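File shown: model.txt. Contents: compact mmCIF, C-alpha atoms.
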```txt
# COMPACT_ATOMS: atom_id res chain seq x y z
CA MET A 1 25.37 56.51 272.17
CA GLN A 2 22.27 56.61 270.00
CA PRO A 3 20.64 59.38 267.93
CA ASN A 4 18.19 61.69 269.64
CA PHE A 5 17.33 63.84 266.64
CA PHE A 6 16.46 63.12 263.03
CA ILE A 7 16.31 65.41 260.01
CA ILE A 8 13.82 63.42 257.97
CA GLY A 9 13.27 65.27 254.69
CA ALA A 10 11.90 66.14 252.28
CA PRO A 11 14.54 65.69 249.57
CA LYS A 12 15.96 68.82 247.93
CA CYS A 13 14.84 71.01 250.82
CA GLY A 14 18.18 71.94 252.41
CA THR A 15 18.71 68.91 254.63
CA THR A 16 22.32 68.47 253.52
CA ALA A 17 23.11 72.10 254.23
CA LEU A 18 21.47 72.08 257.66
CA SER A 19 23.18 68.87 258.73
CA SER A 20 26.51 70.28 257.53
CA TYR A 21 26.03 73.44 259.58
CA LEU A 22 24.95 71.50 262.67
CA ALA A 23 28.02 69.27 262.38
CA GLN A 24 30.19 72.39 262.90
CA HIS A 25 28.76 72.80 266.40
CA PRO A 26 31.08 71.11 268.94
CA ASN A 27 28.16 69.76 270.95
CA ILE A 28 26.30 68.23 268.00
CA PHE A 29 27.19 64.96 266.29
CA VAL A 30 25.90 64.13 262.81
CA SER A 31 26.38 60.63 261.45
CA ASP A 32 28.62 59.68 258.56
CA PRO A 33 27.04 58.71 256.24
CA LYS A 34 24.52 61.48 256.65
CA GLU A 35 21.70 59.49 255.03
CA PRO A 36 21.69 55.88 256.25
CA ASN A 37 17.97 55.47 255.40
CA TYR A 38 17.99 52.68 257.98
CA PHE A 39 14.35 53.14 258.98
CA CYS A 40 13.02 53.09 255.40
CA ASP A 41 12.55 49.35 255.26
CA ASP A 42 9.79 49.74 252.69
CA PHE A 43 12.50 50.83 250.23
CA LYS A 44 14.67 48.50 248.18
CA PRO A 45 18.08 47.59 249.65
CA ALA A 46 19.94 49.71 247.08
CA MET A 47 18.38 52.82 248.63
CA ARG A 48 19.46 51.95 252.17
CA THR A 49 23.10 52.63 253.02
CA ILE A 50 22.69 50.98 256.42
CA LYS A 51 20.56 47.85 256.75
CA THR A 52 21.32 46.20 260.11
CA LYS A 53 21.08 47.30 263.72
CA GLU A 54 24.80 46.65 264.19
CA GLU A 55 25.75 48.77 261.18
CA TYR A 56 23.48 51.56 262.37
CA ALA A 57 25.02 51.63 265.85
CA LYS A 58 28.49 51.81 264.32
CA ILE A 59 27.92 55.13 262.53
CA PHE A 60 27.45 56.79 265.93
CA GLU A 61 30.53 55.25 267.56
CA LEU A 62 32.45 58.53 267.50
CA ALA A 63 29.74 60.36 269.44
CA SER A 64 30.67 61.13 273.03
CA GLY A 65 29.31 62.58 276.23
CA ASN A 66 30.27 66.02 274.95
CA HIS A 67 27.58 65.79 272.30
CA GLN A 68 24.27 67.08 273.61
CA ALA A 69 22.56 66.18 270.34
CA ILE A 70 23.29 63.15 268.15
CA GLY A 71 21.52 62.77 264.85
CA GLU A 72 21.30 61.85 261.21
CA ALA A 73 19.59 63.22 258.13
CA SER A 74 17.85 60.64 255.95
CA VAL A 75 15.55 62.59 253.64
CA TRP A 76 13.55 59.56 252.52
CA ASN A 77 12.28 59.00 256.05
CA LEU A 78 9.49 61.48 255.32
CA TYR A 79 8.38 59.86 252.06
CA SER A 80 8.60 56.37 253.53
CA LYS A 81 5.30 55.08 254.87
CA VAL A 82 6.92 53.24 257.78
CA ALA A 83 10.00 55.25 258.79
CA ALA A 84 8.25 57.65 261.21
CA GLN A 85 6.78 54.78 263.19
CA ASN A 86 10.09 52.90 263.08
CA ILE A 87 11.93 55.94 264.45
CA PHE A 88 9.35 56.32 267.22
CA ASN A 89 9.76 52.66 268.14
CA PHE A 90 13.53 53.19 268.23
CA ASN A 91 13.44 56.39 270.31
CA SER A 92 10.05 57.80 271.27
CA GLN A 93 11.70 60.91 272.79
CA ALA A 94 13.57 61.87 269.62
CA LYS A 95 13.37 65.36 268.16
CA ILE A 96 12.20 65.43 264.53
CA ILE A 97 13.17 68.12 262.03
CA VAL A 98 11.12 68.27 258.84
CA MET A 99 12.27 70.47 255.96
CA LEU A 100 9.69 71.33 253.29
CA ARG A 101 9.36 73.52 250.23
CA ASN A 102 6.87 74.41 247.53
CA PRO A 103 5.84 70.98 246.12
CA VAL A 104 6.14 72.18 242.51
CA ASP A 105 9.75 73.29 243.07
CA LEU A 106 10.36 70.09 245.00
CA VAL A 107 9.33 67.69 242.25
CA TYR A 108 11.16 69.63 239.54
CA SER A 109 14.31 69.57 241.66
CA MET A 110 13.80 65.89 242.46
CA HIS A 111 13.60 65.08 238.77
CA ALA A 112 16.91 66.90 238.18
CA GLN A 113 18.50 65.03 241.09
CA ASN A 114 17.25 61.70 239.74
CA LEU A 115 18.89 62.50 236.41
CA ASN A 116 22.09 63.37 238.22
CA SER A 117 22.08 60.11 240.23
CA VAL A 118 21.14 58.07 237.11
CA ASP A 119 17.86 56.92 238.66
CA GLU A 120 16.01 58.74 235.87
CA ASP A 121 16.62 58.51 232.11
CA GLU A 122 13.90 60.85 230.81
CA PRO A 123 15.34 64.39 230.69
CA ASP A 124 12.00 66.04 229.92
CA PHE A 125 10.09 66.56 233.16
CA LYS A 126 6.66 66.59 231.50
CA LYS A 127 7.35 63.22 229.86
CA ALA A 128 8.73 61.82 233.11
CA TRP A 129 5.54 62.93 234.86
CA GLU A 130 3.42 61.22 232.21
CA LEU A 131 5.40 57.99 232.68
CA GLN A 132 4.44 57.66 236.35
CA ASP A 133 1.46 55.34 235.89
CA ALA A 134 3.35 53.05 233.53
CA ARG A 135 6.34 52.95 235.84
CA LEU A 136 4.09 52.09 238.76
CA LYS A 137 3.25 48.95 236.79
CA GLY A 138 6.92 48.20 236.21
CA LYS A 139 7.10 49.57 232.66
CA ASN A 140 9.57 52.08 231.17
CA LEU A 141 11.82 51.89 234.22
CA PRO A 142 15.40 53.15 233.84
CA GLY A 143 17.90 50.32 233.99
CA HIS A 144 19.88 51.95 236.78
CA CYS A 145 17.00 53.10 238.98
CA ARG A 146 17.55 51.95 242.56
CA ASP A 147 13.88 52.15 243.52
CA GLU A 148 10.95 53.09 241.29
CA LYS A 149 9.34 54.97 244.19
CA LYS A 150 11.84 57.76 243.48
CA LEU A 151 10.17 58.24 240.09
CA GLN A 152 6.68 58.74 241.50
CA TYR A 153 6.93 62.52 241.52
CA ARG A 154 3.25 62.92 242.36
CA GLU A 155 3.78 61.00 245.60
CA VAL A 156 7.08 62.71 246.40
CA GLY A 157 5.26 66.05 246.27
CA LYS A 158 2.49 65.07 248.72
CA ILE A 159 4.28 66.70 251.63
CA GLY A 160 1.07 67.41 253.57
CA GLU A 161 0.19 63.73 253.66
CA GLN A 162 3.76 62.83 254.58
CA LEU A 163 3.91 65.38 257.39
CA GLN A 164 0.61 64.09 258.76
CA ARG A 165 2.17 60.63 259.14
CA VAL A 166 4.84 62.17 261.35
CA MET A 167 2.34 64.17 263.42
CA ASP A 168 0.22 61.05 263.91
CA VAL A 169 3.19 59.43 265.65
CA PHE A 170 5.19 62.15 267.39
CA PRO A 171 3.91 64.86 269.77
CA ALA A 172 3.94 68.32 268.20
CA SER A 173 6.46 69.48 270.83
CA GLN A 174 9.01 67.06 269.37
CA VAL A 175 8.58 68.18 265.76
CA LYS A 176 10.04 71.28 264.12
CA VAL A 177 8.99 72.17 260.57
CA ILE A 178 11.30 74.35 258.48
CA PHE A 179 10.44 75.77 255.09
CA PHE A 180 13.23 75.86 252.53
CA GLU A 181 12.41 79.44 251.58
CA ASP A 182 12.83 80.58 255.20
CA PHE A 183 16.02 78.58 255.58
CA THR A 184 17.65 80.14 252.53
CA ALA A 185 16.49 83.67 253.39
CA GLN A 186 17.34 83.57 257.12
CA THR A 187 19.88 80.77 257.43
CA GLU A 188 21.54 81.88 260.65
CA GLN A 189 18.24 82.56 262.41
CA VAL A 190 16.82 79.16 261.44
CA PHE A 191 20.07 77.49 262.49
CA ASN A 192 19.87 79.11 265.94
CA GLU A 193 16.24 78.04 266.26
CA VAL A 194 17.22 74.45 265.53
CA VAL A 195 20.02 74.56 268.11
CA SER A 196 17.51 75.81 270.68
CA PHE A 197 14.97 73.16 269.64
CA LEU A 198 17.59 70.47 270.22
CA ASN A 199 18.33 71.91 273.69
CA VAL A 200 21.96 72.44 272.76
CA THR A 201 24.06 75.16 274.39
CA PRO A 202 24.56 78.08 271.96
CA ILE A 203 28.11 78.90 270.96
CA GLU A 204 29.87 82.09 269.95
CA LYS A 205 31.86 80.25 267.28
CA SER A 206 31.06 81.50 263.81
CA ILE A 207 29.37 78.90 261.62
CA GLU A 208 30.27 78.92 257.93
CA PHE A 209 26.97 79.03 256.09
CA GLU A 210 28.31 78.13 252.69
CA ALA A 211 26.16 76.78 249.87
CA VAL A 212 26.03 72.99 250.05
CA ASN A 213 24.92 70.38 247.52
CA LYS A 214 23.89 72.75 244.72
CA ASN A 215 21.63 71.12 242.16
CA ALA A 216 23.49 69.80 239.12
CA VAL A 217 22.63 67.54 236.23
CA ASP A 218 25.27 65.44 234.52
CA ARG A 219 25.62 66.58 230.94
CA LEU A 220 27.48 63.47 229.93
CA ARG A 221 24.84 60.86 230.75
CA LEU A 222 26.88 57.87 229.59
CA LEU A 223 29.82 58.94 231.72
CA ALA A 224 27.50 59.36 234.72
CA VAL A 225 26.16 55.83 234.34
CA PHE A 226 29.66 54.35 234.20
CA TYR A 227 30.87 56.44 237.10
CA ARG A 228 28.04 55.73 239.55
CA ARG A 229 26.99 52.20 238.66
CA PRO A 230 29.41 50.65 236.16
CA PRO A 231 28.32 47.54 234.23
CA GLU A 232 29.07 44.28 236.00
CA LYS A 233 31.27 43.04 233.12
CA LEU A 234 33.39 46.19 233.37
CA VAL A 235 33.81 45.75 237.12
CA ASN A 236 34.80 42.11 236.64
CA PHE A 237 37.32 43.12 234.00
CA PHE A 238 39.04 45.59 236.31
CA MET A 239 39.00 43.07 239.14
CA TRP A 240 40.72 40.61 236.78
CA LEU A 241 43.35 43.23 235.87
CA LYS A 242 43.96 43.91 239.54
CA SER A 243 44.58 40.21 240.21
CA ILE A 244 47.25 39.88 237.52
```

Could the structure of this file be written out as structure tokens, please?
Amino acid sequence: MQPNFFIIGAPKCGTTALSSYLAQHPNIFVSDPKEPNYFCDDFKPAMRTIKTKEEYAKIFELASGNHQAIGEASVWNLYSKVAAQNIFNFNSQAKIIVMLRNPVDLVYSMHAQNLNSVDEDEPDFKKAWELQDARLKGKNLPGHCRDEKKLQYREVGKIGEQLQRVMDVFPASQVKVIFFEDFTAQTEQVFNEVVSFLNVTPIEKSIEFEAVNKNAVDRLRLLAVFYRRPPEKLVNFFMWLKSI
């Protein structure tokens, strides 16, 4: 079994919520992890949960013939300059779901998410924006940032350019664009449209449209750093304790 649909971004546009709702449908399979970022091979390894063809095939092992749609939701596929073409080369018949929102809201939310994931260390958005050029040259980079491309908020917000890359590769009939504002205002309607777009049989089962992945920023920054990416010496110390 291999994926035949991809939710490809943008980040902070409801992709986690949509994939969670789709996973409740008995005829739809969504990978675990949700965001393998396998096709973003222009990103650093730390950003890619799945890196090999064998690993990628394994996350779909539980899919069966009962699943009319099999997919994943890697939001960085849209920002990546190579992912759309890589997906097309993998499955030219795949359905592509693109979730977008107001670029201003997007970059503000992305900055908050970067703080939360410890990829960003400048809490003031205006200052973080002003640091973009320096960071592009490798300066003022946070020590725990997995990939400096995440800090280029100007580029993250260029959703028109990113969408054009997708449309240059896939036929329009295979691409569905969803706006975050529509998704939040008419969640059930958008969900049903996606099910129809994927050619999946509708169900009468009630889907729980609960809020998913609400934006949050760690208030205890030091604790967040230790929790997500602890210092190597600390890891070695605990490994030593475990061996005693």

Looking at A:Leu100, A:Val195, A:Ala23, A:Met1, which one is nearest to Glu181 of chain A, with distances taken over all atoms listed in the file? A:Leu100

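We find atom CA of Val200 of chain A and atom CA of Asp168 of chain A to be spaced 26.1 Å apart.
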
Using all atoms listed in the file for the distances, tell me which of A:Ala69, A:Ala172, A:Val118, A:Ala128 is nearest to Ile28 of chain A.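 Closest residue, counting all atoms listed in the file: A:Ala69.
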
Specify the axis-aligned box that encloses all atoms of segment 49-55 of chain A listed in the file after padding of 3 Å on each side, stating its centre and edge lengths in Å to one decimal as JSON.
```
{"center_x": 23.2, "center_y": 49.4, "center_z": 258.6, "size_x": 11.2, "size_y": 12.4, "size_z": 17.2}
```

Option closest in space to Gln164 of chain A, from A:His67, A:Lys81, A:Lys139, A:Lys95 [counting only C-alpha atoms]: A:Lys81

Can you pull out the residues contacting Ala10 of chain A? Cut-off 7 Å, using only C-alpha atoms, and skip same-chain residues under 3 positions away; I want them as a PyMOL selection string. chain A and resi 13+75-76+78+98-100

For Val107 of chain A, the nearest of the candidates A:Arg135, A:His25, A:Lys126, A:Lys176, counting only C-alpha atoms: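 Ranked by minimum distance to Val107 of chain A, first place goes to A:Lys126.
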